[in-house]
Amino acid sequence: MKKLVIINGPNLNLLGKREPEIYGSQTFEDYLEVLKSKYNNVDLEYFQSNLEGELIDKLQEVGFSHDGIILNAAAYTHTSVGIGDAVKAIEVPVVEVHISNTFSREEFRHQSYISPNAKGVILGFGLKSYDLAIESFIF
């Protein structure tokens with residue numbers, strides 16, 4: 001059984017409330033139950049934090065013991081050299097995920113400090129981006 005962890009960054013705890021025209025109306029916790037049911041052959045963990053250091057700590061904690069990490073660092077994607085360095089430092093492959101198409105948004109969102117060291121990048125498919133990331137590890 002593959003052991004994967006989804007790590008979500010700042011403001012993703014507000015999914016379902018925050019800008020539903022961009023992020024939809026479903027909470028991530030509700031969608032996580034859908035993912036766990038759909039991918040019942042995967043040991044799927046979840047972590048969310050609004051704090052950069054906690055995200056780095058979690059990457060370091062699981063970065064040598066899991067089969068894969070699905071990382072939506074949210075706004076930190078575009079600003080955090082530290083998170084980018086953490087992804088580079090660990091052994092576990094990371095798939096960078098974004099709910100929205102970051103290239104159709106503000107120009108500062110076109111830069112990622114994670115992408116250069118990620119296994120792949122999935123963006124713009126709403127919450128289904130997480131499905132695609134999981135499938136990249138199991139198929």
# chains A, B, ... in the order shown; residues from 1 in each chain; ligands from 1
call {"tool": "select_by_dssp", "arguments": {"residues": "chain A", "states": "strand (DSSP E)", "output": "PyMOL selection string"}}
result
chain A and resi 2-8+42-48+68-72+94-98+120-123
call {"tool": "write_last_selection", "arguments": {"atoms": "C-alpha atoms", "output": "mmCIF file, in the first residue's frame"}}
result
data_model
loop_
_atom_site.group_PDB
_atom_site.id
_atom_site.type_symbol
_atom_site.label_atom_id
_atom_site.label_comp_id
_atom_site.auth_asym_id
_atom_site.auth_seq_id
_atom_site.Cartn_x
_atom_site.Cartn_y
_atom_site.Cartn_z
ATOM 1 C CA LYS A 2 1.414 3.372 -1.040
ATOM 2 C CA LYS A 3 1.844 5.864 1.772
ATOM 3 C CA LEU A 4 1.095 9.413 0.585
ATOM 4 C CA VAL A 5 0.637 12.692 2.395
ATOM 5 C CA ILE A 6 -1.206 15.781 1.215
ATOM 6 C CA ILE A 7 0.296 18.976 2.600
ATOM 7 C CA ASN A 8 -1.740 22.151 2.153
ATOM 8 C CA VAL A 42 -3.618 4.208 -0.531
ATOM 9 C CA ASP A 43 -2.621 5.175 2.995
ATOM 10 C CA LEU A 44 -3.523 8.857 2.675
ATOM 11 C CA GLU A 45 -2.530 11.370 5.350
ATOM 12 C CA TYR A 46 -3.349 15.079 5.479
ATOM 13 C CA PHE A 47 -1.684 18.125 7.006
ATOM 14 C CA GLN A 48 -2.534 21.817 6.669
ATOM 15 C CA GLY A 68 5.016 10.523 -2.119
ATOM 16 C CA ILE A 69 4.012 14.015 -1.107
ATOM 17 C CA ILE A 70 1.271 16.094 -2.704
ATOM 18 C CA LEU A 71 2.097 19.697 -1.890
ATOM 19 C CA ASN A 72 -0.125 22.711 -2.355
ATOM 20 C CA VAL A 94 6.789 15.734 -4.470
ATOM 21 C CA VAL A 95 3.966 16.647 -6.837
ATOM 22 C CA GLU A 96 3.127 20.344 -6.718
ATOM 23 C CA VAL A 97 -0.627 20.958 -6.902
ATOM 24 C CA HIS A 98 -2.739 24.062 -7.362
ATOM 25 C CA GLY A 120 5.559 17.170 -11.559
ATOM 26 C CA VAL A 121 3.116 20.064 -11.395
ATOM 27 C CA ILE A 122 -0.682 19.832 -11.681
ATOM 28 C CA LEU A 123 -2.765 22.979 -11.744
#
call {"tool": "select_by_dssp", "arguments": {"residues": "chain A", "states": "alpha helix (DSSP H)", "output": "PyMOL selection string"}}
result
chain A and resi 20-23+28-38+52-62+81-89+128-138
call {"tool": "residues_around", "arguments": {"residues": "A:Glu61", "least_positions_apart": "5", "cutoff": "12 Å", "atoms": "only C-alpha atoms", "output": "ChimeraX atom specification"}}
result
/A:5,7,47,54-56,66,69,86-87,89-92
call {"tool": "write_last_selection", "arguments": {"atoms": "all heavy atoms", "output": "short mmCIF file (atom, residue, chain, number, x, y, z; two decimals), in the first residue's frame"}}
result
data_model
loop_
_atom_site.label_atom_id
_atom_site.label_comp_id
_atom_site.auth_asym_id
_atom_site.auth_seq_id
_atom_site.Cartn_x
_atom_site.Cartn_y
_atom_site.Cartn_z
N VAL A 5 1.12 11.62 1.52
CA VAL A 5 0.64 12.69 2.40
C VAL A 5 0.32 13.91 1.54
O VAL A 5 1.08 14.25 0.63
CB VAL A 5 1.64 13.05 3.53
CG1 VAL A 5 2.96 13.54 2.98
CG2 VAL A 5 1.05 14.07 4.49
N ILE A 7 -0.08 17.83 1.76
CA ILE A 7 0.30 18.98 2.60
C ILE A 7 -0.26 20.24 1.94
O ILE A 7 0.11 20.56 0.81
CB ILE A 7 1.83 19.07 2.76
CG1 ILE A 7 2.37 17.79 3.41
CG2 ILE A 7 2.20 20.32 3.57
CD1 ILE A 7 3.90 17.75 3.51
N PHE A 47 -2.20 17.10 6.10
CA PHE A 47 -1.68 18.12 7.01
C PHE A 47 -1.92 19.48 6.36
O PHE A 47 -1.68 19.65 5.15
CB PHE A 47 -0.19 17.91 7.24
CG PHE A 47 0.44 18.96 8.12
CD1 PHE A 47 0.30 18.91 9.50
CD2 PHE A 47 1.17 20.00 7.55
CE1 PHE A 47 0.88 19.88 10.31
CE2 PHE A 47 1.75 20.98 8.36
CZ PHE A 47 1.60 20.92 9.73
N GLU A 54 6.04 25.41 9.83
CA GLU A 54 5.35 24.13 10.07
C GLU A 54 5.29 23.29 8.80
O GLU A 54 5.40 22.07 8.85
CB GLU A 54 3.95 24.37 10.63
CG GLU A 54 3.97 24.86 12.06
CD GLU A 54 2.58 25.02 12.66
OE1 GLU A 54 1.57 24.72 11.97
OE2 GLU A 54 2.50 25.46 13.82
N LEU A 55 5.13 23.94 7.66
CA LEU A 55 5.14 23.22 6.39
C LEU A 55 6.51 22.61 6.12
O LEU A 55 6.62 21.46 5.70
CB LEU A 55 4.71 24.14 5.25
CG LEU A 55 3.28 24.67 5.34
CD1 LEU A 55 3.04 25.75 4.29
CD2 LEU A 55 2.27 23.56 5.20
N ILE A 56 7.55 23.37 6.38
CA ILE A 56 8.92 22.86 6.22
C ILE A 56 9.17 21.71 7.18
O ILE A 56 9.72 20.67 6.79
CB ILE A 56 9.95 24.00 6.42
CG1 ILE A 56 9.84 25.01 5.28
CG2 ILE A 56 11.37 23.44 6.52
CD1 ILE A 56 10.61 26.30 5.51
N HIS A 66 7.85 8.32 3.37
CA HIS A 66 6.63 8.08 2.61
C HIS A 66 6.96 7.75 1.16
O HIS A 66 8.11 7.88 0.72
CB HIS A 66 5.72 9.30 2.69
CG HIS A 66 5.04 9.46 4.02
ND1 HIS A 66 5.73 9.55 5.21
CD2 HIS A 66 3.73 9.54 4.34
CE1 HIS A 66 4.88 9.66 6.20
NE2 HIS A 66 3.65 9.66 5.70
N ILE A 69 4.60 12.83 -1.74
CA ILE A 69 4.01 14.01 -1.11
C ILE A 69 3.28 14.80 -2.18
O ILE A 69 3.82 15.04 -3.27
CB ILE A 69 5.10 14.90 -0.46
CG1 ILE A 69 5.81 14.15 0.67
CG2 ILE A 69 4.50 16.22 0.04
CD1 ILE A 69 7.06 14.85 1.19
N ALA A 86 13.45 22.85 1.08
CA ALA A 86 13.03 21.63 1.79
C ALA A 86 12.65 20.54 0.79
O ALA A 86 13.00 19.37 0.97
CB ALA A 86 11.86 21.94 2.73
N VAL A 87 11.94 20.90 -0.26
CA VAL A 87 11.58 19.93 -1.29
C VAL A 87 12.84 19.36 -1.95
O VAL A 87 12.93 18.16 -2.20
CB VAL A 87 10.63 20.57 -2.34
CG1 VAL A 87 10.45 19.67 -3.55
CG2 VAL A 87 9.28 20.90 -1.70
N ALA A 89 15.74 19.05 -0.54
CA ALA A 89 16.55 18.33 0.45
C ALA A 89 16.03 16.93 0.77
O ALA A 89 16.79 16.09 1.25
CB ALA A 89 16.63 19.14 1.74
N ILE A 90 14.75 16.67 0.51
CA ILE A 90 14.18 15.38 0.91
C ILE A 90 14.29 14.37 -0.23
O ILE A 90 14.55 14.73 -1.38
CB ILE A 90 12.71 15.53 1.37
CG1 ILE A 90 11.83 16.09 0.26
CG2 ILE A 90 12.66 16.41 2.63
CD1 ILE A 90 10.37 16.22 0.62
N GLU A 91 14.07 13.09 0.11
CA GLU A 91 14.18 12.02 -0.88
C GLU A 91 12.86 11.66 -1.54
O GLU A 91 12.83 11.18 -2.67
CB GLU A 91 14.76 10.76 -0.22
CG GLU A 91 16.18 10.92 0.23
CD GLU A 91 16.70 9.69 0.96
OE1 GLU A 91 15.91 8.76 1.24
OE2 GLU A 91 17.91 9.68 1.28
N VAL A 92 11.77 11.86 -0.84
CA VAL A 92 10.45 11.47 -1.32
C VAL A 92 10.04 12.40 -2.47
O VAL A 92 10.18 13.62 -2.35
CB VAL A 92 9.42 11.53 -0.16
CG1 VAL A 92 8.00 11.36 -0.67
CG2 VAL A 92 9.75 10.48 0.88
#
call {"tool": "atom_distance", "arguments": {"atom1": "atom CA of A:Thr102", "atom2": "atom CA of A:Ala74"}}
result
9.9 Å
call {"tool": "closest_residue", "arguments": {"among": "A:Thr79, A:Lys88, A:Gln111, A:Phe125", "to": "A:Gly63", "atoms": "only C-alpha atoms"}}
result
A:Lys88
call {"tool": "decode", "arguments": {"residues": "stretch 21-62 of chain A", "atoms": "C-alpha atoms", "output": "mmCIF file, in the first residue's frame"}}
result
data_model
loop_
_atom_site.group_PDB
_atom_site.id
_atom_site.type_symbol
_atom_site.label_atom_id
_atom_site.label_comp_id
_atom_site.auth_asym_id
_atom_site.auth_seq_id
_atom_site.Cartn_x
_atom_site.Cartn_y
_atom_site.Cartn_z
ATOM 1 C CA GLU A 21 -15.644 31.327 -7.891
ATOM 2 C CA ILE A 22 -11.950 30.283 -7.916
ATOM 3 C CA TYR A 23 -11.755 27.496 -5.338
ATOM 4 C CA GLY A 24 -15.248 26.012 -5.315
ATOM 5 C CA SER A 25 -17.705 25.527 -2.474
ATOM 6 C CA GLN A 26 -16.469 22.252 -0.975
ATOM 7 C CA THR A 27 -14.251 22.109 2.101
ATOM 8 C CA PHE A 28 -11.010 20.198 1.769
ATOM 9 C CA GLU A 29 -11.942 17.991 4.713
ATOM 10 C CA ASP A 30 -15.078 16.885 2.837
ATOM 11 C CA TYR A 31 -13.070 16.282 -0.330
ATOM 12 C CA LEU A 32 -10.458 14.345 1.623
ATOM 13 C CA GLU A 33 -13.159 11.832 2.575
ATOM 14 C CA VAL A 34 -13.980 11.453 -1.135
ATOM 15 C CA LEU A 35 -10.288 10.855 -1.891
ATOM 16 C CA LYS A 36 -9.912 8.298 0.910
ATOM 17 C CA SER A 37 -12.965 6.413 -0.334
ATOM 18 C CA LYS A 38 -11.905 6.558 -3.984
ATOM 19 C CA TYR A 39 -8.290 5.561 -3.276
ATOM 20 C CA ASN A 40 -8.874 3.049 -0.498
ATOM 21 C CA ASN A 41 -5.727 1.193 -1.603
ATOM 22 C CA VAL A 42 -3.618 4.208 -0.531
ATOM 23 C CA ASP A 43 -2.621 5.175 2.995
ATOM 24 C CA LEU A 44 -3.523 8.857 2.675
ATOM 25 C CA GLU A 45 -2.530 11.370 5.350
ATOM 26 C CA TYR A 46 -3.349 15.079 5.479
ATOM 27 C CA PHE A 47 -1.684 18.125 7.006
ATOM 28 C CA GLN A 48 -2.534 21.817 6.669
ATOM 29 C CA SER A 49 -0.837 24.863 8.127
ATOM 30 C CA ASN A 50 -0.831 28.588 7.589
ATOM 31 C CA LEU A 51 2.736 28.757 8.920
ATOM 32 C CA GLU A 52 5.743 28.399 6.633
ATOM 33 C CA GLY A 53 7.964 26.782 9.260
ATOM 34 C CA GLU A 54 5.355 24.131 10.073
ATOM 35 C CA LEU A 55 5.138 23.218 6.386
ATOM 36 C CA ILE A 56 8.920 22.863 6.219
ATOM 37 C CA ASP A 57 8.925 20.774 9.404
ATOM 38 C CA LYS A 58 6.279 18.457 7.936
ATOM 39 C CA LEU A 59 8.189 18.063 4.664
ATOM 40 C CA GLN A 60 11.301 17.119 6.625
ATOM 41 C CA GLU A 61 9.323 14.755 8.883
ATOM 42 C CA VAL A 62 7.775 12.728 6.043
#
